[in-house]
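Scroll down for the structure; my scribbles are underneath it.
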Amino acid sequence: MQGLTERLLKTIRKQESIRAGDRLAVAVSGGADSVALLCLLLELRAELGIVLSVAHVNHKLRGEEADEDERFVAKLARQHGLELHVCDAPVAGGRRSGIGSGVSSGIEAAARELRYGFFRQLAREARVTKIATAHTLDDQAETVLLRIFRGTGIRGLSGIHPRIIFEEQGRVFGELVRPLLGFRRTTLQEFLRERGQSWREDSSNRDIAFLRNRVRHRLLPMIGEEFGEAAIEHMGELAEIARAEEEHWERAHPEIRRLGGGAGGDETRQAASLQVGRLAALPLATQRRLVRAWLEMNAPDLSISFRLIEEALELARGSSNRGSPGKKLELPGGRNLLRRNSRRGRQELLLELETIVGRGEAVDYEYALALPGAVEVPELGACIEARVVDVGGVPQDERGELLDLGRIPKEVLIRNWRAGDRFQPAHTAAAKKVKELLTDRHATGAEKKLWPVAVAEGYGLIWMRGFAVPTAFQTPAGASKAIWIREVAGMM
């Protein structure tokens, strides 16, 4: 048994991720990683005592190229006499002619949801007991870096998990395993070359408009060159350490679940409560985890950041920097965190989550907008449209709002701005908080709360009503066509 195959066998036995008798479907896209995983498991199936099959999902995002991938995988399965599970799962908003420079995070998330839904279906129907995907050490390093850049805690640093249990109503019906998380992509490609095994190249993986691809093709090679290839392995080790830390907190600290899991306080206000006195007695790390768990339970749609947790703790200590000093912290979605005396004792303080819903109250919204295209925004009583226009036909003083056709994605998210959003109009020195930009415009009340922005995958805010677009997205000199995003009065 040769080196790489023996190494994978040791990994599987150490993790006990694949056992004798498993009916294992290998998720094969046609790329080098998944083809290598299939070839390795073919060599190990007798030793492992497993029944192999192949699973392939075609999202129809790259037209003929995607169909060629499916034919390649089908041929590979036939060559080895393996059962093939195929699912055509077109993604809403995807294009058959190719991905181009910006598939939105919404499309990518939808594609992943469809894939994993298919995997769960295979297990639920007992056609397989496990599914193996070919995530590598490179994928793990990319994920850890991306989460650091976007802001994360220990949970985020745990990266891609080696196993996912499929269960419903407490019944386990399958499992997804990732046996290659400790293997480098280049090692797998060399393994395939030695065996004369071809694979498919996904053209979208070379598109550096994607943030992950910029990390893959620019940042990781630079890290390897400047700090040594071991730096990539260290990121994988960091993810393993973080996973163990998370498991420890879940198993060894039931106080997190107990204190975070219950609502209390004044029922007439319909507010969930957390006792500040009990919170203050805990170590800081426990306080942070408790506040996060409590917020996740009582406001599952809330984007929870380190800054938000720290501000919540400041409020609990009586030193809030926002809202009424020491009494209230405003949250997105018309909600507040309140600090007040409870009915049971004037000295007992409660941290409360209160939803404010009143007549005419502004609420958060978000809608996908194809470029070009249009979408209704009922909260504005208007429509946001994106049209291809002749640059020369746009008034000179509004041309700063035009977007470069060659730079924009095919879809953006139209939403109202949120706390912490930043935007840098062209010809300004640095990005500013949207809140400050609107204050400078003297926007107040519901108008300010509902002010629309457009968010693009990997770039953040690329448009804001009434402001020049960022320099990187402005129409270049000499361009004849551009995209113009505007709010149009009335509904479609």
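Chain labels run A, B, ... following the order of the structure tokens; each chain numbers its residues from 1, and ligands are numbered from 1 in the order shown.
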May I have the residues within 8 Å of Asp138 of chain A as a PyMOL selection string, using only C-alpha atoms and disregarding those fewer than 2 positions away in the same chain? chain A and resi 136+140-142+183-185+216+232
One decimal, Å: what's the distance from atom CA of Leu295 of chain A over to atom CA of Arg415 of chain A, could you say?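 Interatomic distance here is 22.4 Å.
From atom CA of Thr152 of chain A back to atom CA of Arg307 of chain A, the distance works out to 10.7 Å.
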Give me, as a PyMOL selection string, the residues of segment 89-293 of chain A that a backbone DSSP run labels strand (DSSP E). chain A and resi 130-132+163-168+171-177+272-275
Could you check which of A:Leu279, A:Val377, A:Ala454, A:Ala419 is closest to Leu302 of chain A, using only C-alpha atoms?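 That would be A:Ala419, the residue with the smallest distance to Leu302 of chain A.
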For Ala374 of chain A, which residue among A:Glu447, A:Glu457, A:Glu487, A:Glu233 is the nearest when counting only C-alpha atoms?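 Smallest separation from Ala374 of chain A among the options: A:Glu487.
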Fewer than 6 positions away in the same chain doesn't count, so skip those; otherwise give me all residues within 10 Å of Gln287 of chain A, counting only C-alpha atoms, as a list in words.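 Contacts, in chain order: Ile256, Arg278, Leu279, Ala280, Ala281, Ala293, Ile309, Glu310 and Leu313 of chain A.
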At what distance in Å, to one decimal, does atom CA of Arg163 of chain A lie from atom CA of Val26 of chain A?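 For atom CA of Val26 of chain A relative to atom CA of Arg163 of chain A, the distance reads 14.0 Å.
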Taking 5 positions as the minimum chain separation for residues in the same chain, which residues sit within 9 Å of segment 56-71 of chain A when counting only C-alpha atoms? Answer as a PDB file with C-alpha atoms, in the first residue's frame.
```pdb
ATOM      1  CA  VAL A  26     -18.380   9.979  -2.552  1.00  0.00           C
ATOM      2  CA  ALA A  27     -19.508  13.471  -3.589  1.00  0.00           C
ATOM      3  CA  VAL A  28     -17.663  13.953  -6.883  1.00  0.00           C
ATOM      4  CA  SER A  29     -17.822  17.279  -8.696  1.00  0.00           C
ATOM      5  CA  GLY A  30     -15.222  16.241 -11.272  1.00  0.00           C
ATOM      6  CA  GLY A  31     -12.506  18.423  -9.746  1.00  0.00           C
ATOM      7  CA  LEU A  76     -15.833   7.643 -14.055  1.00  0.00           C
ATOM      8  CA  LEU A  84     -24.269   6.891  -9.578  1.00  0.00           C
ATOM      9  CA  HIS A  85     -26.642   9.193  -7.698  1.00  0.00           C
ATOM     10  CA  VAL A  86     -27.272  12.289  -9.828  1.00  0.00           C
ATOM     11  CA  CYS A  87     -29.304  15.348  -8.970  1.00  0.00           C
ATOM     12  CA  ASP A  88     -30.110  18.246 -11.298  1.00  0.00           C
ATOM     13  CA  ALA A  89     -30.529  21.182  -8.923  1.00  0.00           C
ATOM     14  CA  PRO A  90     -30.587  24.482 -10.837  1.00  0.00           C
ATOM     15  CA  VAL A  91     -30.015  27.475  -8.586  1.00  0.00           C
ATOM     16  CA  GLY A  94     -27.947  31.264 -11.829  1.00  0.00           C
ATOM     17  CA  ARG A  95     -26.970  31.568 -15.513  1.00  0.00           C
ATOM     18  CA  ARG A  96     -26.440  28.747 -17.979  1.00  0.00           C
ATOM     19  CA  SER A  97     -23.993  30.784 -20.031  1.00  0.00           C
ATOM     20  CA  GLY A  98     -21.414  31.027 -17.250  1.00  0.00           C
ATOM     21  CA  ILE A  99     -20.805  32.476 -13.861  1.00  0.00           C
ATOM     22  CA  ALA A 111     -26.287  25.837  -4.179  1.00  0.00           C
ATOM     23  CA  LEU A 114     -29.369  22.109  -2.493  1.00  0.00           C
ATOM     24  CA  ARG A 115     -26.293  19.860  -2.422  1.00  0.00           C
ATOM     25  CA  PHE A 118     -29.613  15.948  -1.757  1.00  0.00           C
ATOM     26  CA  ARG A 200     -12.135  18.641 -14.601  1.00  0.00           C
ATOM     27  CA  GLU A 201     -11.240  22.293 -13.984  1.00  0.00           C
ATOM     28  CA  ASP A 202     -14.048  24.593 -12.857  1.00  0.00           C
ATOM     29  CA  SER A 203     -13.454  27.906 -14.655  1.00  0.00           C
ATOM     30  CA  SER A 204     -15.159  29.845 -11.867  1.00  0.00           C
TER      31      SER A 204
END
```
Considering only C-alpha atoms, return as a VMD selection string whatever protein or nucleic-acid residues lie within 12 Å of Thr186 of chain A, sequence-local ones (same chain, fewer than 4 positions apart) excluded. chain A and resid 32 to 33 36 136 to 138 190 to 193 221 229
